[in-house]
file coords-v2.txt (compact mmCIF, C-alpha atoms)
# COMPACT_ATOMS: atom_id res chain seq x y z
CA MET O 1 0.00 0.00 0.00
CA PRO O 2 1.54 3.37 -1.05
CA ASN O 3 2.59 5.82 1.62
CA SER O 4 -0.13 8.50 1.70
CA LYS O 5 2.22 11.22 3.00
CA SER O 6 4.74 10.52 0.24
CA SER O 7 1.97 10.54 -2.36
CA ASN O 8 0.57 13.85 -1.07
CA PHE O 9 4.02 15.42 -1.18
CA LYS O 10 4.55 14.30 -4.77
CA ASN O 11 1.16 15.72 -5.73
CA PHE O 12 2.06 19.00 -4.02
CA VAL O 13 5.35 19.25 -5.94
CA ALA O 14 3.64 18.37 -9.20
CA THR O 15 0.96 21.00 -8.80
CA LYS O 16 3.19 23.75 -7.33
CA PRO O 17 3.18 26.64 -9.84
CA ALA O 18 6.47 27.46 -11.52
CA LYS O 19 8.15 30.70 -10.53
CA LYS O 20 7.53 33.61 -12.86
CA LYS O 21 10.71 34.46 -14.72
CA ILE O 22 11.58 38.05 -15.67
CA ALA O 23 14.61 39.27 -17.60
CA ILE O 24 16.16 42.68 -16.98
CA ILE O 25 18.04 43.98 -20.02
CA GLY O 26 20.23 47.10 -19.94
CA SER O 27 23.36 48.47 -21.58
CA TYR O 28 25.74 49.17 -18.68
CA ALA O 29 26.55 46.76 -15.88
CA GLY O 30 28.37 49.26 -13.66
CA SER O 31 25.20 51.00 -12.54
CA LEU O 32 22.96 47.94 -12.21
CA ILE O 33 23.22 47.45 -8.44
CA SER O 34 23.14 51.15 -7.52
CA PHE O 35 20.27 51.96 -9.92
CA ARG O 36 18.25 48.71 -9.90
CA GLY O 37 19.49 46.73 -6.90
CA ASN O 38 16.43 47.44 -4.77
CA LEU O 39 14.15 46.57 -7.67
CA LEU O 40 15.89 43.22 -8.17
CA VAL O 41 15.31 42.40 -4.49
CA ASP O 42 11.67 43.49 -4.63
CA LEU O 43 11.05 41.33 -7.70
CA GLN O 44 12.50 38.34 -5.86
CA LYS O 45 10.29 39.07 -2.86
CA ASN O 46 7.32 39.02 -5.25
CA HIS O 47 8.26 35.47 -6.28
CA TYR O 48 9.96 36.29 -9.56
CA GLU O 49 13.01 34.44 -10.75
CA VAL O 50 15.20 37.23 -12.10
CA ILE O 51 17.81 36.95 -14.83
CA VAL O 52 19.95 39.82 -16.08
CA LEU O 53 21.35 40.51 -19.56
CA LEU O 54 24.11 43.12 -19.80
CA PRO O 55 26.70 43.51 -22.57
CA ASP O 56 29.69 44.35 -20.35
CA ILE O 57 28.95 42.20 -17.30
CA ASN O 58 32.31 40.40 -17.49
CA LYS O 59 34.10 43.74 -17.06
CA HIS O 60 32.40 44.29 -13.70
CA PRO O 61 33.34 41.41 -11.38
CA THR O 62 31.94 43.22 -8.34
CA VAL O 63 28.49 43.41 -9.95
CA ALA O 64 28.73 39.79 -11.08
CA SER O 65 29.65 38.74 -7.55
CA ARG O 66 26.70 40.65 -6.08
CA LEU O 67 24.33 38.99 -8.53
CA ASP O 68 25.75 35.59 -7.62
CA CYS O 69 25.11 36.31 -3.94
CA MET O 70 21.54 37.29 -4.77
CA GLY O 71 21.00 34.06 -6.69
CA ILE O 72 20.47 35.92 -9.97
CA LYS O 73 21.70 34.39 -13.22
CA PHE O 74 23.37 36.83 -15.59
CA PHE O 75 24.40 36.73 -19.23
CA GLY O 76 26.51 38.89 -21.49
CA PHE O 77 25.64 39.76 -25.08
CA PRO O 78 27.35 41.85 -27.79
CA LEU O 79 26.21 45.47 -28.07
CA LYS O 80 27.67 48.53 -29.78
CA GLY O 81 26.10 51.08 -27.49
CA ASN O 82 26.54 54.38 -29.33
CA ARG O 83 26.53 53.37 -32.98
CA ILE O 84 24.02 51.91 -35.42
CA ASN O 85 25.65 48.98 -37.18
CA PRO O 86 23.28 46.53 -38.91
CA PHE O 87 25.67 43.58 -38.63
CA SER O 88 26.52 43.97 -34.93
CA ASP O 89 22.92 44.89 -34.10
CA ILE O 90 21.58 41.73 -35.76
CA LYS O 91 24.14 39.78 -33.77
CA SER O 92 22.77 41.41 -30.60
CA LEU O 93 19.21 40.49 -31.54
CA ILE O 94 20.11 36.85 -32.19
CA CYS O 95 22.06 36.51 -28.94
CA ILE O 96 19.28 38.09 -26.83
CA SER O 97 16.71 35.87 -28.54
CA ARG O 98 18.66 32.69 -27.81
CA ILE O 99 19.10 33.53 -24.14
CA LEU O 100 15.45 34.46 -23.58
CA LYS O 101 14.19 31.39 -25.42
CA ARG O 102 16.53 29.04 -23.55
CA GLU O 103 15.55 30.56 -20.20
CA SER O 104 11.79 30.47 -20.94
CA VAL O 105 11.30 34.07 -19.84
CA SER O 106 7.71 35.25 -19.33
CA ALA O 107 8.32 38.98 -18.76
CA LEU O 108 10.85 41.66 -19.80
CA LEU O 109 11.93 44.88 -18.13
CA LEU O 110 14.08 46.97 -20.46
CA TYR O 111 15.98 50.24 -20.12
CA THR O 112 18.27 52.41 -22.30
CA ILE O 113 17.72 52.84 -26.03
CA LYS O 114 19.03 49.68 -27.70
CA PRO O 115 17.84 47.21 -25.03
CA VAL O 116 14.37 48.81 -25.17
CA ILE O 117 14.20 48.54 -28.95
CA TYR O 118 15.82 45.13 -29.44
CA GLY O 119 14.33 43.59 -26.30
CA SER O 120 10.82 44.64 -27.33
CA ILE O 121 11.21 43.23 -30.84
CA VAL O 122 12.72 39.93 -29.66
CA GLY O 123 10.09 39.65 -26.93
CA ARG O 124 7.33 39.99 -29.50
CA LEU O 125 8.90 37.37 -31.76
CA LEU O 126 9.12 34.95 -28.82
CA GLY O 127 5.51 35.58 -27.82
CA ILE O 128 6.34 37.27 -24.50
CA ARG O 129 3.25 39.25 -23.54
CA LYS O 130 4.60 41.19 -20.55
CA ILE O 131 7.11 43.67 -21.96
CA PHE O 132 7.91 46.84 -20.02
CA SER O 133 10.32 49.66 -20.83
CA ILE O 134 11.86 52.36 -18.64
CA ILE O 135 12.81 55.59 -20.43
CA THR O 136 15.71 56.88 -18.34
CA GLY O 137 16.28 59.92 -20.57
CA VAL O 138 16.10 60.81 -24.24
CA GLY O 139 19.84 60.47 -24.80
CA PHE O 140 22.40 62.13 -27.04
CA VAL O 141 20.42 61.12 -30.13
CA PHE O 142 17.75 63.71 -29.23
CA THR O 143 19.95 66.34 -27.55
CA GLY O 144 23.10 66.29 -29.71
CA LYS O 145 24.18 68.85 -32.28
CA ASP O 146 22.02 69.20 -35.37
CA SER O 147 23.72 67.69 -38.44
CA VAL O 148 22.82 65.58 -41.46
CA LYS O 149 24.16 62.46 -39.77
CA GLY O 150 22.39 63.38 -36.53
CA ARG O 151 19.06 63.82 -38.29
CA ILE O 152 19.40 60.45 -40.03
CA VAL O 153 20.23 58.67 -36.77
CA LYS O 154 17.37 60.44 -35.00
CA PHE O 155 14.92 59.35 -37.71
CA ILE O 156 16.08 55.72 -37.46
CA VAL O 157 15.84 55.70 -33.66
CA LYS O 158 12.39 57.30 -33.69
CA THR O 159 11.14 54.76 -36.23
CA LEU O 160 12.54 51.83 -34.23
CA TYR O 161 11.17 53.23 -30.97
CA LYS O 162 7.70 53.62 -32.42
CA PHE O 163 7.74 50.03 -33.72
CA ALA O 164 9.13 48.59 -30.48
CA PHE O 165 6.61 50.39 -28.27
CA LEU O 166 3.76 48.61 -30.08
CA PHE O 167 4.71 45.50 -28.13
CA ASN O 168 5.01 47.10 -24.69
CA LYS O 169 2.37 46.56 -22.05
CA ALA O 170 3.55 49.67 -20.19
CA ILE O 171 6.27 52.31 -20.58
CA PHE O 172 7.67 54.12 -17.55
CA PHE O 173 8.87 57.71 -17.83
CA GLN O 174 10.92 59.54 -15.21
CA ASN O 175 9.61 63.05 -15.95
CA LYS O 176 6.66 64.70 -17.65
CA ASP O 177 8.79 66.47 -20.28
CA ASP O 178 10.11 63.22 -21.74
CA LEU O 179 6.62 61.72 -21.69
CA ASN O 180 5.17 64.71 -23.53
CA LEU O 181 8.06 64.72 -26.02
CA PHE O 182 7.42 61.09 -26.98
CA ILE O 183 3.70 61.81 -27.31
CA ASP O 184 4.37 64.91 -29.46
CA LEU O 185 6.68 62.85 -31.68
CA LYS O 186 3.84 60.30 -32.00
CA LEU O 187 6.07 57.51 -30.72
CA ILE O 188 3.51 56.40 -28.11
CA ASN O 189 0.00 57.03 -26.92
CA ARG O 190 -0.68 58.04 -23.35
CA GLN O 191 -2.77 54.99 -22.47
CA ASN O 192 0.08 52.60 -21.62
CA THR O 193 2.42 55.08 -19.93
CA LEU O 194 3.26 55.61 -16.25
CA LEU O 195 5.31 58.26 -14.46
CA THR O 196 7.83 57.49 -11.73
CA ASN O 197 10.03 59.87 -9.76
CA GLY O 198 13.24 58.70 -11.34
CA SER O 199 14.68 55.35 -10.26
CA GLY O 200 14.20 56.36 -6.65
CA VAL O 201 16.88 56.41 -3.96
CA ASP O 202 17.55 54.16 -0.99
CA LEU O 203 17.17 56.58 1.92
CA ASP O 204 18.91 54.25 4.37
CA TYR O 205 21.93 53.58 2.18
CA TYR O 206 22.33 57.23 1.22
CA ALA O 207 21.92 58.62 4.72
CA PRO O 208 23.23 62.02 5.89
CA GLU O 209 26.67 61.96 7.50
CA SER O 210 27.98 64.58 9.92
CA VAL O 211 31.17 65.53 8.07
CA VAL O 212 32.30 69.08 8.84
CA SER O 213 34.26 70.59 5.96
CA LYS O 214 36.55 73.53 6.66
CA VAL O 215 36.13 74.83 3.11
CA THR O 216 33.24 75.01 0.68
CA ASN O 217 33.52 72.13 -1.77
CA PHE O 218 31.40 71.89 -4.93
CA LEU O 219 31.02 68.37 -6.32
CA PHE O 220 30.22 67.12 -9.82
CA ILE O 221 29.35 63.43 -10.29
CA GLY O 222 28.68 61.89 -13.67
CA ARG O 223 30.07 60.73 -16.97
CA LEU O 224 32.39 63.36 -18.41
CA LEU O 225 30.16 64.37 -21.30
CA GLY O 226 29.58 67.77 -22.82
CA ASP O 227 25.82 67.52 -22.33
CA LYS O 228 26.31 66.79 -18.62
CA GLY O 229 27.63 70.35 -18.36
CA ILE O 230 31.14 69.39 -17.28
CA ARG O 231 32.76 72.15 -19.35
CA GLU O 232 30.44 74.79 -17.85
CA PHE O 233 31.31 73.45 -14.39
CA ILE O 234 35.04 73.84 -15.11
CA ILE O 235 34.66 77.39 -16.47
CA ALA O 236 32.63 78.40 -13.40
CA ALA O 237 35.12 76.69 -11.08
CA ALA O 238 38.06 78.58 -12.57
CA GLU O 239 36.24 81.91 -12.21
CA VAL O 240 35.19 81.27 -8.61
CA LYS O 241 38.66 80.04 -7.59
CA ALA O 242 40.24 83.20 -9.00
CA ILE O 243 38.33 85.19 -6.35
CA ASN O 244 37.98 82.51 -3.64
CA PRO O 245 41.16 80.39 -3.79
CA ASN O 246 40.17 78.34 -0.71
CA VAL O 247 37.00 77.02 -2.37
CA THR O 248 37.48 73.55 -3.88
CA PHE O 249 35.87 71.73 -6.80
CA SER O 250 35.76 67.95 -7.06
CA VAL O 251 34.88 65.80 -10.05
CA CYS O 252 33.86 62.16 -9.73
CA GLY O 253 33.36 60.39 -13.05
CA TRP O 254 34.99 58.95 -16.13
CA ILE O 255 35.44 59.58 -19.85
CA ASP O 256 32.65 57.86 -21.74
CA HIS O 257 32.80 56.43 -25.27
CA SER O 258 29.95 58.71 -26.33
CA PRO O 259 30.48 61.09 -29.27
CA ASP O 260 29.91 63.91 -26.76
CA ALA O 261 32.64 62.82 -24.34
CA ILE O 262 35.43 65.20 -23.35
CA THR O 263 39.00 64.32 -24.34
CA GLN O 264 41.72 62.99 -22.06
CA ASN O 265 43.76 66.11 -22.90
CA GLU O 266 40.98 68.33 -21.57
CA LEU O 267 40.80 66.39 -18.32
CA ASP O 268 44.58 66.39 -17.90
CA ALA O 269 44.67 70.17 -18.41
CA TRP O 270 42.00 70.79 -15.76
CA ILE O 271 43.90 68.66 -13.26
CA THR O 272 47.31 70.20 -14.07
CA GLN O 273 45.91 73.73 -13.78
CA GLY O 274 44.55 72.89 -10.33
CA VAL O 275 40.97 73.75 -11.26
CA ILE O 276 39.58 70.47 -9.91
CA ASN O 277 40.32 67.66 -7.54
CA TYR O 278 39.75 64.64 -9.78
CA LEU O 279 38.40 61.64 -7.87
CA GLY O 280 38.12 59.29 -10.84
CA LYS O 281 35.44 56.66 -11.10
CA MET O 282 34.18 55.57 -7.67
CA GLU O 283 32.26 52.35 -7.00
CA ASP O 284 30.80 53.99 -3.90
CA VAL O 285 30.20 57.75 -4.20
CA ARG O 286 29.00 58.25 -0.62
CA PRO O 287 32.40 59.39 0.75
CA ALA O 288 32.67 62.01 -2.00
CA ILE O 289 29.15 63.27 -1.32
CA ALA O 290 29.70 63.29 2.45
CA GLU O 291 32.81 65.46 2.12
CA SER O 292 31.15 67.90 -0.29
CA SER O 293 29.16 71.02 0.53
CA VAL O 294 27.03 71.39 -2.60
CA MET O 295 26.22 69.03 -5.48
CA VAL O 296 26.39 70.63 -8.94
CA LEU O 297 25.01 69.09 -12.13
CA PRO O 298 24.72 71.56 -15.06
CA SER O 299 23.20 68.93 -17.37
CA TYR O 300 21.35 69.85 -20.57
CA ARG O 301 18.67 67.20 -20.00
CA GLU O 302 18.11 64.10 -17.85
CA GLY O 303 15.57 61.40 -17.08
CA THR O 304 15.98 62.13 -13.40
CA PRO O 305 19.64 62.49 -12.36
CA ARG O 306 20.59 59.69 -10.02
CA SER O 307 23.64 61.49 -8.62
CA VAL O 308 21.45 64.42 -7.57
CA LEU O 309 18.98 62.12 -5.79
CA GLU O 310 21.83 60.47 -3.90
CA ALA O 311 23.21 63.85 -2.84
CA MET O 312 19.75 65.05 -1.79
CA SER O 313 19.23 61.91 0.27
CA MET O 314 22.54 62.60 2.02
CA GLY O 315 21.40 66.11 2.88
CA LYS O 316 23.22 68.21 0.29
CA PRO O 317 21.87 71.30 -1.49
CA ILE O 318 21.80 71.20 -5.27
CA ILE O 319 22.73 73.51 -8.14
CA THR O 320 21.31 72.19 -11.39
CA CYS O 321 19.70 73.43 -14.59
CA ASP O 322 16.11 74.35 -15.26
CA VAL O 323 15.74 71.59 -17.86
CA PRO O 324 13.69 68.36 -18.12
CA GLY O 325 14.56 65.85 -15.45
CA CYS O 326 16.76 68.20 -13.42
CA ARG O 327 14.04 70.70 -12.55
CA GLU O 328 12.07 67.92 -10.82
CA THR O 329 14.74 67.70 -8.10
CA VAL O 330 15.01 71.32 -6.96
CA ILE O 331 12.60 73.86 -5.54
CA ASP O 332 14.49 77.03 -6.36
CA GLY O 333 15.68 78.79 -3.22
CA ILE O 334 14.47 75.95 -0.97
CA ASN O 335 16.90 73.07 -1.48
CA GLY O 336 19.18 74.71 -4.02
CA TYR O 337 19.14 76.77 -7.19
CA LEU O 338 17.92 76.20 -10.74
CA VAL O 339 20.02 77.96 -13.40
CA PRO O 340 19.84 78.20 -17.20
CA HIS O 341 21.77 75.46 -19.00
CA LYS O 342 24.96 76.28 -20.93
CA SER O 343 25.50 79.30 -18.65
CA PRO O 344 28.75 79.26 -16.62
CA LYS O 345 27.98 82.77 -15.36
CA SER O 346 24.72 81.56 -13.78
CA LEU O 347 26.63 78.75 -12.10
CA VAL O 348 29.11 81.26 -10.68
CA LEU O 349 26.31 83.40 -9.24
CA ALA O 350 24.65 80.36 -7.61
CA MET O 351 27.97 79.17 -6.16
CA GLU O 352 28.72 82.62 -4.76
CA LYS O 353 25.39 82.60 -2.90
CA PHE O 354 26.50 79.53 -0.96
CA ILE O 355 29.98 80.93 -0.36
CA SER O 356 28.51 84.17 0.99
CA ASN O 357 25.83 82.40 3.05
CA PRO O 358 27.30 79.15 4.39
CA LYS O 359 24.29 78.63 6.69
CA ASP O 360 22.22 78.01 3.55
CA ILE O 361 24.28 74.89 2.91
CA LEU O 362 22.91 73.25 6.06
CA ASP O 363 19.37 74.64 5.74
CA MET O 364 18.93 73.75 2.07
CA GLY O 365 20.64 70.41 2.60
CA TYR O 366 18.07 69.58 5.27
CA ASN O 367 15.31 70.47 2.79
CA SER O 368 16.92 68.23 0.16
CA ARG O 369 16.68 65.27 2.51
CA LEU O 370 13.01 66.03 3.18
CA ILE O 371 12.21 66.21 -0.54
CA ALA O 372 14.10 62.98 -1.20
CA SER O 373 12.12 61.28 1.58
CA GLU O 374 8.74 62.54 0.42
CA LYS O 375 9.16 62.29 -3.36
CA PHE O 376 12.01 59.99 -4.37
CA ASN O 377 11.89 57.06 -1.96
CA VAL O 378 12.87 53.95 -3.96
CA ILE O 379 10.18 51.93 -2.15
CA ASP O 380 7.44 54.11 -3.65
CA VAL O 381 8.99 54.08 -7.13
CA ASN O 382 9.34 50.30 -7.15
CA LYS O 383 5.71 49.86 -6.06
CA ILE O 384 4.56 51.58 -9.26
CA ILE O 385 6.72 49.29 -11.39
CA LEU O 386 5.77 46.11 -9.53
CA ASN O 387 2.05 46.90 -9.61
CA ALA O 388 2.19 47.35 -13.38
CA ILE O 389 4.10 44.10 -13.87
CA GLU O 390 1.65 42.19 -11.64
CA THR O 391 -1.43 43.56 -13.39

call {"tool": "encode", "arguments": {"input": "coords-v2.txt", "output": "structure tokens"}}
result
Amino acid sequence: MPNSKSSNFKNFVATKPAKKKIAIIGSYAGSLISFRGNLLVDLQKNHYEVIVLLPDINKHPTVASRLDCMGIKFFGFPLKGNRINPFSDIKSLICISRILKRESVSALLLYTIKPVIYGSIVGRLLGIRKIFSIITGVGFVFTGKDSVKGRIVKFIVKTLYKFAFLFNKAIFFQNKDDLNLFIDLKLINRQNTLLTNGSGVDLDYYAPESVVSKVTNFLFIGRLLGDKGIREFIIAAAEVKAINPNVTFSVCGWIDHSPDAITQNELDAWITQGVINYLGKMEDVRPAIAESSVMVLPSYREGTPRSVLEAMSMGKPIITCDVPGCRETVIDGINGYLVPHKSPKSLVLAMEKFISNPKDILDMGYNSRLIASEKFNVIDVNKIILNAIET
């Protein structure tokens, strides 16, 4: 006579539903944990088996190790991030398709231009019904200099975007300006779109630290790209230092492979001239933020700038530009100052306000932390994403 307990257990195992499997596809492994780490954990808590596809994962052993510890499988795939090349792009499509098919993925969460486009197309071909995209910014394609080549690339990207979005169940935008731009360009309709306050920030991880600086230190964090406003930051820094030699300016970041990246010669000159204290690329930016007085990001356009959210969460006032994405982070005169983009003079005037009124650094920094807590808590942002995926 069969053992009833053993039989019941076998029936339970046989009828136990398989875990839902979701693939996260992006274009840069270095920011995965800091930008999406909380979301990966929340997906696991909601009984998803998560896999990650990133083109440069093997170049980031720390990220790979973290994913291993989380029990998340990861895969690399070929991707030429800043160029349109039919041969390499087809290779990317085939590789992504093979991985997703082999892993029997039932949902996709995509971010950055090429992963959104190629992931959406491959997902459709494989019959994946739950496809979601996060628009983290419009990118250099939309903000770069106007040229014949630029217009051709922009047309191709717009066409591919519009096609890819047909297969998305929902598209997440990080600010209203980007949402409205995509609607105006007729790339999407409003029905399947959702707004989030950036990627959110972990308020516990980026907690205020009581570091007392003897001098005012302005900090820039980001890729060293022209459209991040790094050149305007340097011009303003040189002008301020000429009058206030004790004031310091720190830069944390690296030279990107983007067409808009600064040159190594430019960076070397800024360091040699003593304009900036160059911190290089930091895995953990919290020490740099803690030792700074004011965070400065003179970007031309953003989704929602992650570095600014981190600085706000750590209680730092902000100087940034009155442009899409950036303007969402600052209430002018309350937790910092909004200035026109491409205007070093406006940066100088904002910096001089903090130098002349050091008490504002503490007061506005306190307000930054409050705004981060009320508006940009990663828990609230992830709830919006998870609710859409579960629907």

call {"tool": "closest_atom_pairs", "arguments": {"input": "coords-v2.txt", "of": "stretch 139-222 of chain O", "to": "stretch 321-340 of chain O", "cutoff": "10 Å", "atoms": "only C-alpha atoms", "output": "Markdown table"}}
result
| residue | atom | partner | partner_atom | distance |
| --- | --- | --- | --- | --- |
| O:Gln174 | CA | O:Gly325 | CA | 7.3 |
| O:Asn175 | CA | O:Gly325 | CA | 5.7 |
| O:Lys176 | CA | O:Pro324 | CA | 7.9 |
| O:Asp177 | CA | O:Pro324 | CA | 5.7 |
| O:Asp178 | CA | O:Pro324 | CA | 7.2 |
| O:Asn197 | CA | O:Glu328 | CA | 8.4 |
| O:Gly198 | CA | O:Gly325 | CA | 8.4 |

call {"tool": "atom_distance", "arguments": {"input": "coords-v2.txt", "atom1": "atom CA of O:His257", "atom2": "atom CA of O:Ser307"}}
result
19.7 Å

call {"tool": "closest_residue", "arguments": {"input": "coords-v2.txt", "among": "O:Thr112, O:Asn367, O:Ser258, O:Ser250", "to": "O:Met295", "atoms": "all atoms listed in the file"}}
result
O:Ser250

call {"tool": "axis_aligned_box", "arguments": {"input": "coords-v2.txt", "around": "stretch 23-33 of chain O", "padding_each_side": "6 Å", "output": "lines of an AutoDock Vina configuration file"}}
result
center_x = 21.5
center_y = 45.1
center_z = -15.0
size_x = 25.8
size_y = 23.7
size_z = 25.1

call {"tool": "atom_distance", "arguments": {"input": "coords-v2.txt", "atom1": "atom CA of O:Val153", "atom2": "atom CA of O:Ile84"}}
result
7.9 Å

call {"tool": "residues_around", "arguments": {"input": "coords-v2.txt", "residues": "O:Phe167", "least_positions_apart": "3", "cutoff": "9 Å", "atoms": "only C-alpha atoms", "output": "number ranges by chain"}}
result
O: 120-121, 123-124, 129-132, 163-164

call {"tool": "closest_residue", "arguments": {"input": "coords-v2.txt", "among": "O:Val247, O:Ile57, O:Leu225, O:Leu39", "to": "O:Gly26", "atoms": "only C-alpha atoms"}}
result
O:Ile57

call {"tool": "closest_residue", "arguments": {"input": "coords-v2.txt", "among": "O:Ser147, O:Asn277, O:Asn38, O:Ser31", "to": "O:Lys383", "atoms": "only C-alpha atoms"}}
result
O:Asn38

call {"tool": "atom_distance", "arguments": {"input": "coords-v2.txt", "atom1": "atom CA of O:Met312", "atom2": "atom CA of O:Ala372"}}
result
6.0 Å

call {"tool": "residues_near_point", "arguments": {"input": "coords-v2.txt", "point": "(8.8, 32.4, -26.1)", "cutoff": "12 Å", "atoms": "all atoms listed in the file", "output": "list in words"}}
result
Lys21, Ile96, Ser97, Arg98, Ile99, Leu100, Lys101, Arg102, Glu103, Ser104, Val105, Ser106, Ala107, Leu108, Val122, Gly123, Arg124, Leu125, Leu126, Gly127, Ile128, Arg129 and Lys130 of chain O

call {"tool": "write_last_selection", "arguments": {"input": "coords-v2.txt", "atoms": "C-alpha atoms", "output": "short mmCIF file (atom, residue, chain, number, x, y, z; two decimals), keeping the file's coordinate frame"}}
result
data_model
loop_
_atom_site.label_atom_id
_atom_site.label_comp_id
_atom_site.auth_asym_id
_atom_site.auth_seq_id
_atom_site.Cartn_x
_atom_site.Cartn_y
_atom_site.Cartn_z
CA LYS O 21 10.71 34.46 -14.72
CA ILE O 96 19.28 38.09 -26.83
CA SER O 97 16.71 35.87 -28.54
CA ARG O 98 18.66 32.69 -27.81
CA ILE O 99 19.10 33.53 -24.14
CA LEU O 100 15.45 34.46 -23.58
CA LYS O 101 14.19 31.39 -25.42
CA ARG O 102 16.53 29.04 -23.55
CA GLU O 103 15.55 30.56 -20.20
CA SER O 104 11.79 30.47 -20.94
CA VAL O 105 11.30 34.07 -19.84
CA SER O 106 7.71 35.25 -19.33
CA ALA O 107 8.32 38.98 -18.76
CA LEU O 108 10.85 41.66 -19.80
CA VAL O 122 12.72 39.93 -29.66
CA GLY O 123 10.09 39.65 -26.93
CA ARG O 124 7.33 39.99 -29.50
CA LEU O 125 8.90 37.37 -31.76
CA LEU O 126 9.12 34.95 -28.82
CA GLY O 127 5.51 35.58 -27.82
CA ILE O 128 6.34 37.27 -24.50
CA ARG O 129 3.25 39.25 -23.54
CA LYS O 130 4.60 41.19 -20.55
#

call {"tool": "closest_residue", "arguments": {"input": "coords-v2.txt", "among": "O:Tyr118, O:Tyr48, O:Phe87, O:Tyr300", "to": "O:Gly226", "atoms": "all atoms listed in the file"}}
result
O:Tyr300

call {"tool": "closest_residue", "arguments": {"input": "coords-v2.txt", "among": "O:Pro245, O:Pro55, O:Gly150, O:Pro305", "to": "O:Phe220", "atoms": "all atoms listed in the file"}}
result
O:Pro305
